[in-house]
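Engineer: Please read through the structure below; I'll follow up with questions.
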Amino acid sequence: MIRLTFEPFDPGALLTEFCRDRTEVGAVATFTGVARAEAGATKILELEAYPGFTEAQIGKTAGMATARFGLADILIVHRVGQIAPGEPVVFVATAARHRREAFEGCDFLMDYLKSKAPFWKKEHGPDGARWIEPRAQDHADLQRWDKETSP
Amino acid sequence: MARVLLFGRLSDVAGWREREIDSGFLSALRARMAADDPTLGEALAGPGVQVALDQVIVRGDAALNPRTEVAFLPPMSGG
C-alpha cells in the first residue's frame with residue numbers, strides 16, 4: 001500500500017499497525033527518512049507530487065520489488081507539502097518470510113524513492129527557495145540493483 | 001480543452017500551475033505555449049522534461065482529446 005500525506009505521521013504507529021495479525025512472515029524491515037537541517041540552518045523542505053501519477057509509479061516499483069524479493073507485503077507512506085527539519089518524510093516497511101528479502105526489498109525501494117520517484121523537491125531557506133536535483137550517489141545506489149541481477 | 005499541468009520549476013517559470021488550452025496535438029500545444037511564453041517554451045524543451053497524457057508518459061507527438069490531461073514533468077528528484 002502506498003499513501004501520500006500532507007500531515008505528519010508517526011512511524012512507530014505505522015509499524016505497529018503493519019505488524020498486526022501477521023502470522024505468515026518472520027521478518028519485517030523498515031526505513032524512516034527524516035528531514036535534515038543543513039549546518040544548523042532552518043530550511044523548510046517542500047515536496048510536490050502529481051496526485052494519482054506519483055502513487056501509480058511508486059506502485060509499479062512496489063510490484064517489481066514484491067516479485068523480485070518475494071515480499072509478503074509493503075507499506076510506503078510519504079509526506080508531501082512543507083516539512084520541517086526533524087519530521088519524518090518517508091516510511092517504508094517490507095514483510096517477508098525471512099530477513100534477507102525484507103532488508104533488500106526495503107533498501108531497493110528507498111533507492112528508487114530517493115532518485116526516480118515522481119517528486120519534485122524544493123528547499124526554502126533564508127536566501128529564498130531553490131529546486132533540488134538528485135545526488136549522483138542516489139543514482140549510483142539505484143544502479144547497483146541492476147548489477148546484482150547480471151549473471 | 002486540454003487541461004495542462006506544470007510541475008516543479010516549470011510552474012515557477014510560467015507563473016501558473018494549471019490552465020485549459022485548446023489544441024488537437026501535443027506538438028501544436030507546445031508551439032502555442034512557446035508562442036505565448038518563449039521562456040516557458042524553452043524550459044519545456046529542456047533536458048529530462050517528460051510529458052504525461054492522462055498520467056501515461058508519452059514520447060513524440062500525440063493527438064489530444066477534448067478532455068486530455070497534459071502534464072509537463074521536469075526531471076524527478078525523488079523525495
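FYI, nothing fancy with the C-alpha cells labels: chains A, B, ... in order, residues from 1 per chain, ligands from 1 as they appear.
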Could you list the residues in chain B lying within 10 Å of chain A, using only C-alpha atoms, and format the result as a list of chain:residue names?
Structural biologist: B:Leu5, B:Leu6, B:Phe7, B:Gly8, B:Arg9, B:Ala52, B:Asp54, B:Gln55, B:Val56, B:Ile57, B:Ala71, B:Leu73, B:Pro74, B:Pro75, B:Met76, B:Ser77, B:Gly78, B:Gly79
Engineer: Using the selection just defined, write its residues with C-alpha atoms as a compact mmCIF listing (two decimals), in the first residue's frame.
Structural biologist:
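New file again21.txt:
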```
# COMPACT_ATOMS: atom_id res chain seq x y z
CA LEU B 5 -0.47 20.95 -15.65
CA LEU B 6 3.04 22.19 -14.87
CA PHE B 7 5.17 20.64 -12.12
CA GLY B 8 8.33 21.60 -10.24
CA ARG B 9 10.33 24.51 -11.60
CA ALA B 52 2.27 12.57 -19.47
CA ASP B 54 -3.79 11.19 -18.78
CA GLN B 55 -0.97 10.11 -16.46
CA VAL B 56 0.87 7.97 -19.03
CA ILE B 57 4.32 9.13 -20.17
CA ALA B 71 1.29 17.19 -17.56
CA LEU B 73 7.21 16.89 -15.70
CA PRO B 74 10.75 18.18 -15.09
CA PRO B 75 13.41 15.64 -14.07
CA MET B 76 12.22 13.93 -10.90
CA SER B 77 14.29 14.42 -7.81
CA GLY B 78 12.83 11.72 -5.63
CA GLY B 79 11.61 12.52 -2.13
```
Engineer: Find the residue from A:Leu4, A:Ile58, A:Ile74, A:Ile83 that sits nearest to A:Arg36; use only C-alpha atoms when measuring.
Structural biologist: A:Ile83
Engineer: Per DSSP on the backbone, what are the helix (DSSP H, G or I) residues of stretch 49-128 of chain A, as a VMD selection string?
Structural biologist: chain A and resid 53 to 69 99 to 115
Engineer: Write out, as a tab-separated table (two decimals), in the first residue's frame, the residues just selected, with N, CA and C atoms.
Structural biologist:
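That gives us selection16.tsv:
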```
chain	number	residue	atom	x	y	z
A	53	PHE	N	-0.65	9.97	-10.34
A	53	PHE	CA	0.52	9.52	-11.11
A	53	PHE	C	1.64	9.06	-10.18
A	54	THR	N	1.95	9.87	-9.17
A	54	THR	CA	3.04	9.53	-8.25
A	54	THR	C	2.77	8.20	-7.55
A	55	GLU	N	1.56	8.03	-7.04
A	55	GLU	CA	1.22	6.77	-6.36
A	55	GLU	C	1.30	5.58	-7.33
A	56	ALA	N	0.84	5.80	-8.56
A	56	ALA	CA	0.83	4.70	-9.54
A	56	ALA	C	2.26	4.28	-9.90
A	57	GLN	N	3.14	5.27	-10.09
A	57	GLN	CA	4.53	4.94	-10.42
A	57	GLN	C	5.21	4.22	-9.27
A	58	ILE	N	5.00	4.70	-8.04
A	58	ILE	CA	5.58	4.02	-6.88
A	58	ILE	C	4.99	2.62	-6.77
A	59	GLY	N	3.70	2.50	-7.05
A	59	GLY	CA	3.03	1.20	-7.01
A	59	GLY	C	3.65	0.20	-7.98
A	60	LYS	N	4.03	0.68	-9.18
A	60	LYS	CA	4.69	-0.20	-10.16
A	60	LYS	C	6.00	-0.73	-9.61
A	61	THR	N	6.77	0.16	-8.99
A	61	THR	CA	8.05	-0.25	-8.42
A	61	THR	C	7.84	-1.17	-7.24
A	62	ALA	N	6.81	-0.92	-6.45
A	62	ALA	CA	6.49	-1.81	-5.33
A	62	ALA	C	6.13	-3.20	-5.85
A	63	GLY	N	5.42	-3.26	-6.96
A	63	GLY	CA	5.09	-4.55	-7.58
A	63	GLY	C	6.34	-5.28	-8.02
A	64	MET	N	7.28	-4.54	-8.62
A	64	MET	CA	8.57	-5.12	-9.04
A	64	MET	C	9.32	-5.67	-7.84
A	65	ALA	N	9.32	-4.89	-6.74
A	65	ALA	CA	10.05	-5.32	-5.54
A	65	ALA	C	9.41	-6.58	-4.96
A	66	THR	N	8.10	-6.63	-4.95
A	66	THR	CA	7.38	-7.79	-4.42
A	66	THR	C	7.77	-9.04	-5.18
A	67	ALA	N	7.80	-8.93	-6.53
A	67	ALA	CA	8.14	-10.08	-7.36
A	67	ALA	C	9.62	-10.45	-7.19
A	68	ARG	N	10.48	-9.45	-7.22
A	68	ARG	CA	11.93	-9.72	-7.20
A	68	ARG	C	12.39	-10.30	-5.87
A	69	PHE	N	11.86	-9.78	-4.77
A	69	PHE	CA	12.34	-10.21	-3.46
A	69	PHE	C	11.39	-11.16	-2.76
A	99	ARG	N	14.59	-12.59	6.74
A	99	ARG	CA	15.09	-11.23	6.85
A	99	ARG	C	15.85	-10.72	5.64
A	100	ARG	N	16.58	-11.58	4.92
A	100	ARG	CA	17.37	-11.10	3.78
A	100	ARG	C	16.47	-10.39	2.77
A	101	GLU	N	15.35	-11.01	2.43
A	101	GLU	CA	14.43	-10.43	1.43
A	101	GLU	C	13.81	-9.14	1.96
A	102	ALA	N	13.47	-9.13	3.22
A	102	ALA	CA	12.84	-7.93	3.81
A	102	ALA	C	13.81	-6.75	3.78
A	103	PHE	N	15.08	-6.99	4.18
A	103	PHE	CA	16.10	-5.93	4.17
A	103	PHE	C	16.33	-5.43	2.75
A	104	GLU	N	16.53	-6.36	1.83
A	104	GLU	CA	16.88	-5.96	0.45
A	104	GLU	C	15.72	-5.25	-0.23
A	105	GLY	N	14.51	-5.72	0.01
A	105	GLY	CA	13.34	-5.07	-0.57
A	105	GLY	C	13.22	-3.64	-0.10
A	106	CYS	N	13.44	-3.43	1.18
A	106	CYS	CA	13.37	-2.09	1.77
A	106	CYS	C	14.45	-1.19	1.20
A	107	ASP	N	15.67	-1.71	1.10
A	107	ASP	CA	16.82	-0.97	0.55
A	107	ASP	C	16.55	-0.56	-0.90
A	108	PHE	N	16.08	-1.51	-1.68
A	108	PHE	CA	15.76	-1.28	-3.09
A	108	PHE	C	14.71	-0.19	-3.24
A	109	LEU	N	13.64	-0.27	-2.45
A	109	LEU	CA	12.56	0.71	-2.54
A	109	LEU	C	13.05	2.10	-2.17
A	110	MET	N	13.90	2.19	-1.16
A	110	MET	CA	14.42	3.51	-0.76
A	110	MET	C	15.32	4.09	-1.84
A	111	ASP	N	16.13	3.25	-2.50
A	111	ASP	CA	16.98	3.77	-3.58
A	111	ASP	C	16.11	4.34	-4.70
A	112	TYR	N	15.02	3.66	-5.00
A	112	TYR	CA	14.09	4.17	-6.02
A	112	TYR	C	13.44	5.48	-5.57
A	113	LEU	N	12.93	5.49	-4.33
A	113	LEU	CA	12.21	6.66	-3.84
A	113	LEU	C	13.11	7.90	-3.79
A	114	LYS	N	14.40	7.69	-3.55
A	114	LYS	CA	15.31	8.83	-3.44
A	114	LYS	C	15.80	9.34	-4.79
A	115	SER	N	15.64	8.56	-5.85
A	115	SER	CA	16.21	9.01	-7.12
A	115	SER	C	15.23	9.11	-8.28
```
Engineer: Which residues come within 10 Å of B:Ala28, counting only C-alpha atoms, excluding same-chain residues fewer than 6 positions away, as a PyMOL selection string?
Structural biologist: chain B and resi 22+34+61-64
Engineer: Which residues, written as a PyMOL selection string, have at least one atom at most 8 Å from B:Arg3, with only C-alpha atoms counted and residues fewer than 3 positions away on the same chain left out?
Structural biologist: chain B and resi 18-21+67-70
Engineer: Using only C-alpha atoms, please write the residues we just selected to a file, as a JSON list (two decimals), in the first residue's frame.
Structural biologist:
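As written to disk, again00.json reads:
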```json
[["chain", "number", "residue", "atom", "x", "y", "z"],
["B", 18, "GLU", "CA", -2.85, 24.69, -14.33],
["B", 19, "ARG", "CA", -4.59, 26.02, -17.42],
["B", 20, "GLU", "CA", -7.08, 24.93, -20.06],
["B", 21, "ILE", "CA", -5.60, 25.24, -23.56],
["B", 67, "ARG", "CA", -10.54, 16.38, -22.03],
["B", 68, "THR", "CA", -6.95, 15.10, -22.08],
["B", 69, "GLU", "CA", -4.85, 15.95, -19.05],
["B", 70, "VAL", "CA", -1.40, 17.05, -20.24]]
```
